[in-house]
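> I'm passing along upload-v6.cif; it holds mmCIF, C-alpha atoms.
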data_start
loop_
_atom_site.label_atom_id
_atom_site.label_comp_id
_atom_site.auth_asym_id
_atom_site.auth_seq_id
_atom_site.Cartn_x
_atom_site.Cartn_y
_atom_site.Cartn_z
CA MET P 18 -17.00 3.03 10.95
CA PHE P 19 -19.70 0.73 12.36
CA ASP P 20 -22.37 3.34 11.64
CA TYR P 21 -21.14 3.44 8.06
CA LEU P 22 -21.39 -0.37 7.76
CA LYS P 23 -24.92 -0.39 9.23
CA ASN P 24 -26.11 2.07 6.56
CA LEU P 25 -24.14 0.55 3.68
CA LEU P 26 -27.08 -1.06 1.87
CA GLY P 27 -29.49 1.80 2.49
CA LYS P 28 -30.27 4.60 0.06
CA GLY P 29 -28.50 7.91 0.37
CA GLY P 30 -26.24 8.19 3.36
CA THR P 31 -23.06 10.15 3.77
CA GLN P 32 -20.79 10.40 0.76
CA TYR P 33 -17.04 10.81 1.02
CA ALA P 34 -14.80 12.72 -1.39
CA GLY P 35 -12.04 10.26 -0.55
CA HIS P 36 -12.18 6.78 0.93
CA ASN P 37 -15.07 5.97 3.25
CA PRO P 38 -14.13 4.82 6.78
CA VAL P 39 -13.91 1.14 5.80
CA GLY P 40 -11.94 1.92 2.63
CA GLY P 41 -9.56 4.10 4.62
CA LEU P 42 -8.98 1.29 7.11
CA MET P 43 -8.35 -1.05 4.19
CA VAL P 44 -5.72 1.29 2.70
CA VAL P 45 -3.93 1.71 6.03
CA SER P 46 -4.01 -2.08 6.53
CA ILE P 47 -2.55 -2.77 3.09
CA ILE P 48 0.21 -0.17 3.51
CA THR P 49 1.06 -1.52 6.97
CA LEU P 50 1.21 -5.09 5.68
CA LEU P 51 3.33 -4.01 2.70
CA THR P 52 5.79 -2.39 5.09
CA ILE P 53 5.95 -5.50 7.28
CA THR P 54 6.39 -7.67 4.18
CA ALA P 55 9.20 -5.48 2.85
CA VAL P 56 11.08 -5.39 6.16
CA THR P 57 10.72 -9.11 6.88
CA GLY P 58 11.72 -9.84 3.28
CA LEU P 59 15.14 -8.38 4.02
CA PHE P 60 15.71 -11.28 6.44
CA ALA P 61 13.56 -13.97 4.76
CA ASP P 62 15.68 -16.90 3.62
CA ASP P 63 14.41 -20.27 2.43
CA GLY P 64 17.80 -21.91 2.87
CA CYS P 65 18.29 -23.03 -0.73
CA ILE P 66 17.09 -20.67 -3.49
CA THR P 67 16.32 -17.32 -1.89
CA LEU P 68 19.12 -15.66 0.05
CA ALA P 69 18.06 -12.85 2.32
CA PRO P 70 19.98 -9.64 1.65
CA MET P 71 20.33 -9.01 5.39
CA GLY P 72 19.88 -12.58 6.63
CA TYR P 73 23.43 -12.75 7.96
CA LEU P 74 22.44 -10.27 10.69
CA VAL P 75 20.02 -12.70 12.39
CA THR P 76 20.05 -16.30 13.53
CA ILE P 77 18.54 -19.06 11.40
CA GLN P 78 15.61 -19.34 13.84
CA THR P 79 14.92 -15.61 13.59
CA SER P 80 15.20 -15.76 9.80
CA ASP P 81 12.73 -18.66 9.73
CA LEU P 82 10.26 -16.70 11.87
CA LEU P 83 10.61 -13.60 9.71
CA THR P 84 10.20 -15.72 6.57
CA PHE P 85 6.97 -17.14 8.00
CA ILE P 86 5.69 -13.63 8.84
CA HIS P 87 6.71 -12.48 5.34
CA HIS P 88 4.66 -15.23 3.68
CA VAL P 89 1.62 -14.76 5.93
CA CYS P 90 1.56 -11.00 5.32
CA SER P 91 1.92 -11.55 1.57
CA ASN P 92 -1.13 -13.81 1.56
CA ILE P 93 -3.17 -11.40 3.68
CA ILE P 94 -2.31 -8.58 1.25
CA LEU P 95 -3.66 -10.67 -1.63
CA VAL P 96 -6.93 -11.26 0.23
CA LEU P 97 -7.29 -7.56 1.11
CA VAL P 98 -6.59 -6.46 -2.46
CA VAL P 99 -9.27 -8.85 -3.76
CA LEU P 100 -11.73 -7.52 -1.14
CA HIS P 101 -10.84 -3.93 -2.13
CA VAL P 102 -11.52 -4.64 -5.82
CA MET P 103 -14.76 -6.46 -4.93
CA ALA P 104 -15.86 -3.42 -2.92
CA ALA P 105 -15.23 -1.18 -5.93
CA PHE P 106 -17.47 -3.43 -8.06
CA PHE P 107 -20.08 -3.52 -5.26
CA TYR P 108 -20.21 0.28 -5.40
CA LEU P 109 -20.41 0.22 -9.19
CA ILE P 110 -23.19 -2.37 -9.44
CA ILE P 111 -25.23 -1.97 -6.23
CA LYS P 112 -24.64 1.62 -5.13
CA ARG P 113 -24.30 3.01 -8.68
CA GLN P 114 -21.12 4.91 -7.82
CA ASN P 115 -18.29 4.48 -10.31
CA LEU P 116 -15.30 4.59 -7.97
CA ILE P 117 -13.08 3.01 -10.62
CA TRP P 118 -13.60 5.97 -12.98
CA SER P 119 -13.00 8.34 -10.06
CA LEU P 120 -9.68 6.57 -9.48
CA VAL P 121 -8.70 7.07 -13.13
CA THR P 122 -9.77 10.71 -13.43
CA GLY P 123 -9.17 11.89 -9.88
CA LYS P 124 -12.68 13.38 -9.85
CA LYS P 125 -15.73 12.06 -8.03
CA VAL P 126 -19.31 13.18 -8.50
CA LEU P 127 -20.91 13.72 -5.10
CA GLN P 128 -24.65 14.02 -4.71
CA GLY P 129 -26.66 14.82 -1.64
CA SER P 130 -26.37 17.09 1.33
CA ARG P 131 -24.13 14.95 3.53
CA VAL P 132 -20.69 15.07 1.95
CA VAL P 133 -17.48 14.61 3.92
CA VAL P 134 -14.37 16.18 2.39
CA PRO P 135 -11.03 14.83 3.66
CA ARG P 136 -8.54 17.08 5.39
CA MET P 137 -5.36 17.14 3.35
CA VAL P 138 -1.92 16.91 4.94
CA SER P 139 0.80 19.38 4.08
CA PRO P 140 2.77 18.49 0.94
CA TRP P 141 5.89 19.48 2.89
CA MET P 142 5.16 16.72 5.40
CA ALA P 143 4.79 14.25 2.54
CA LEU P 144 8.10 15.42 1.06
CA GLY P 145 9.77 15.07 4.48
CA ILE P 146 8.50 11.51 4.87
CA LEU P 147 9.70 10.67 1.35
CA VAL P 148 13.18 12.05 2.04
CA LEU P 149 13.35 10.26 5.40
CA SER P 150 12.27 6.96 3.81
CA GLY P 151 14.82 7.33 1.03
CA THR P 152 17.56 8.12 3.55
CA VAL P 153 16.75 5.05 5.64
CA VAL P 154 16.84 2.80 2.57
CA TRP P 155 20.13 4.36 1.41
CA LEU P 156 21.66 3.87 4.85
CA MET P 157 20.54 0.25 4.94
CA ILE P 158 22.07 -0.43 1.53
CA THR P 159 25.36 1.38 2.04
CA LEU P 160 26.18 0.97 5.71
CA VAL P 161 25.10 -2.60 6.39
CA GLN P 162 27.61 -4.81 4.57
CA PRO P 163 28.03 -8.57 4.93
CA GLY P 164 30.84 -9.82 7.12
#
Could you render the structure as structure tokens?


Amino acid sequence: MFDYLKNLLGKGGTQYAGHNPVGGLMVVSIITLLTITAVTGLFADDGCITLAPMGYLVTIQTSDLLTFIHHVCSNIILVLVVLHVMAAFFYLIIKRQNLIWSLVTGKKVLQGSRVVVPRMVSPWMALGILVLSGTVVWLMITLVQPG
């Protein structure tokens, strides 16, 4: 990743069919923060307007801590999204690579001899993770009842 950053402003360099190392780290960071925000939001309670759906399972002090974490993660996500969009415009204007159009079409024009193609994960694994995630959410909704 640091080698990629060192060569960022130079001509040529390695091109990636998917996200470059920094973009990949950004995506993982945003997804991780979204997960933390979603989970802490289940317990986040401001004490007057917003009632946490699962706030009754924790103490007020724990709810306050999770509410704080929820708000901090939400703000970090906003900053990372802005940086991600700025990076796309940097590539469009400075590097002359239209990543926005690649996002829309799903196709990216790669030029040069050094091209890195990502290794794809099995669609069955993706389906398994989706089913597992759905099951966990369903269990949380149906089995955890107030009182």

> Tell me, as a PyMOL selection string, which residues lie within 12 Å of P:Ile93, counting only C-alpha atoms; anything in the same chain fewer than 3 positions away does not count.

chain P and resi 43+46-51+53-54+86-90+96-100

> Within 12 Å of P:Asn115, counting only C-alpha atoms, which residues show up once you throw out same-chain ones fewer than 6 positions away? Write them as a PyMOL selection string, please.

chain P and resi 104-109+121-127

> Can those selected residues be exported to a file as a short mmCIF file (atom, residue, chain, number, x, y, z; two decimals), keeping the file's coordinate frame so that it contains C-alpha atoms?


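Ended up saving to selection_18.cif:
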data_model
loop_
_atom_site.label_atom_id
_atom_site.label_comp_id
_atom_site.auth_asym_id
_atom_site.auth_seq_id
_atom_site.Cartn_x
_atom_site.Cartn_y
_atom_site.Cartn_z
CA ALA P 104 -15.86 -3.42 -2.92
CA ALA P 105 -15.23 -1.18 -5.93
CA PHE P 106 -17.47 -3.43 -8.06
CA PHE P 107 -20.08 -3.52 -5.26
CA TYR P 108 -20.21 0.28 -5.40
CA LEU P 109 -20.41 0.22 -9.19
CA VAL P 121 -8.70 7.07 -13.13
CA THR P 122 -9.77 10.71 -13.43
CA GLY P 123 -9.17 11.89 -9.88
CA LYS P 124 -12.68 13.38 -9.85
CA LYS P 125 -15.73 12.06 -8.03
CA VAL P 126 -19.31 13.18 -8.50
CA LEU P 127 -20.91 13.72 -5.10
#

> Name the residues captured by the PyMOL selection byres ((chain P and resi 83) around 8) when it is applied to the shown file; answer as a list in words.

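Output of the PyMOL selection byres ((chain P and resi 83) around 8): Thr57, Gly58, Phe60, Ala61, Thr79, Ser80, Asp81, Leu82, Thr84, Phe85, Ile86 and His87 of chain P.
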
> Generate a file of the selected residues that holds C-alpha atoms, formatted as a short mmCIF file (atom, residue, chain, number, x, y, z; two decimals), in the coordinates of the input.


data_model
loop_
_atom_site.label_atom_id
_atom_site.label_comp_id
_atom_site.auth_asym_id
_atom_site.auth_seq_id
_atom_site.Cartn_x
_atom_site.Cartn_y
_atom_site.Cartn_z
CA THR P 57 10.72 -9.11 6.88
CA GLY P 58 11.72 -9.84 3.28
CA PHE P 60 15.71 -11.28 6.44
CA ALA P 61 13.56 -13.97 4.76
CA THR P 79 14.92 -15.61 13.59
CA SER P 80 15.20 -15.76 9.80
CA ASP P 81 12.73 -18.66 9.73
CA LEU P 82 10.26 -16.70 11.87
CA THR P 84 10.20 -15.72 6.57
CA PHE P 85 6.97 -17.14 8.00
CA ILE P 86 5.69 -13.63 8.84
CA HIS P 87 6.71 -12.48 5.34
#

> For atom CA of P:Cys65 and atom CA of P:Ile158, determine how far apart the two atoms are, in Å to one decimal place.

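Atom CA of P:Ile158 lies at a distance of 23.0 Å from atom CA of P:Cys65.
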
> At what distance in Å, to one decimal, does atom CA of P:His36 lie from atom CA of P:Ile94?

18.3 Å

> At most 12 Å is the cut-off: for each residue in stretch 20-131 of chain P with any atom that close to an atom of stretch 143-155 of chain P, write down the nearest atom pair and the distance in Å rounded to one decimal, counting only C-alpha atoms, chain first then increasing number, as a Markdown table.


| residue | atom | partner | partner_atom | distance |
| --- | --- | --- | --- | --- |
| P:Thr52 | CA | P:Ser150 | CA | 11.4 |
| P:Ala55 | CA | P:Val154 | CA | 11.3 |
| P:Val56 | CA | P:Val154 | CA | 10.6 |
| P:Leu59 | CA | P:Val154 | CA | 11.4 |

> Enter the distance from atom CA of P:Pro38 to atom CA of P:Val138, in Å, rounded to one decimal.

17.3 Å
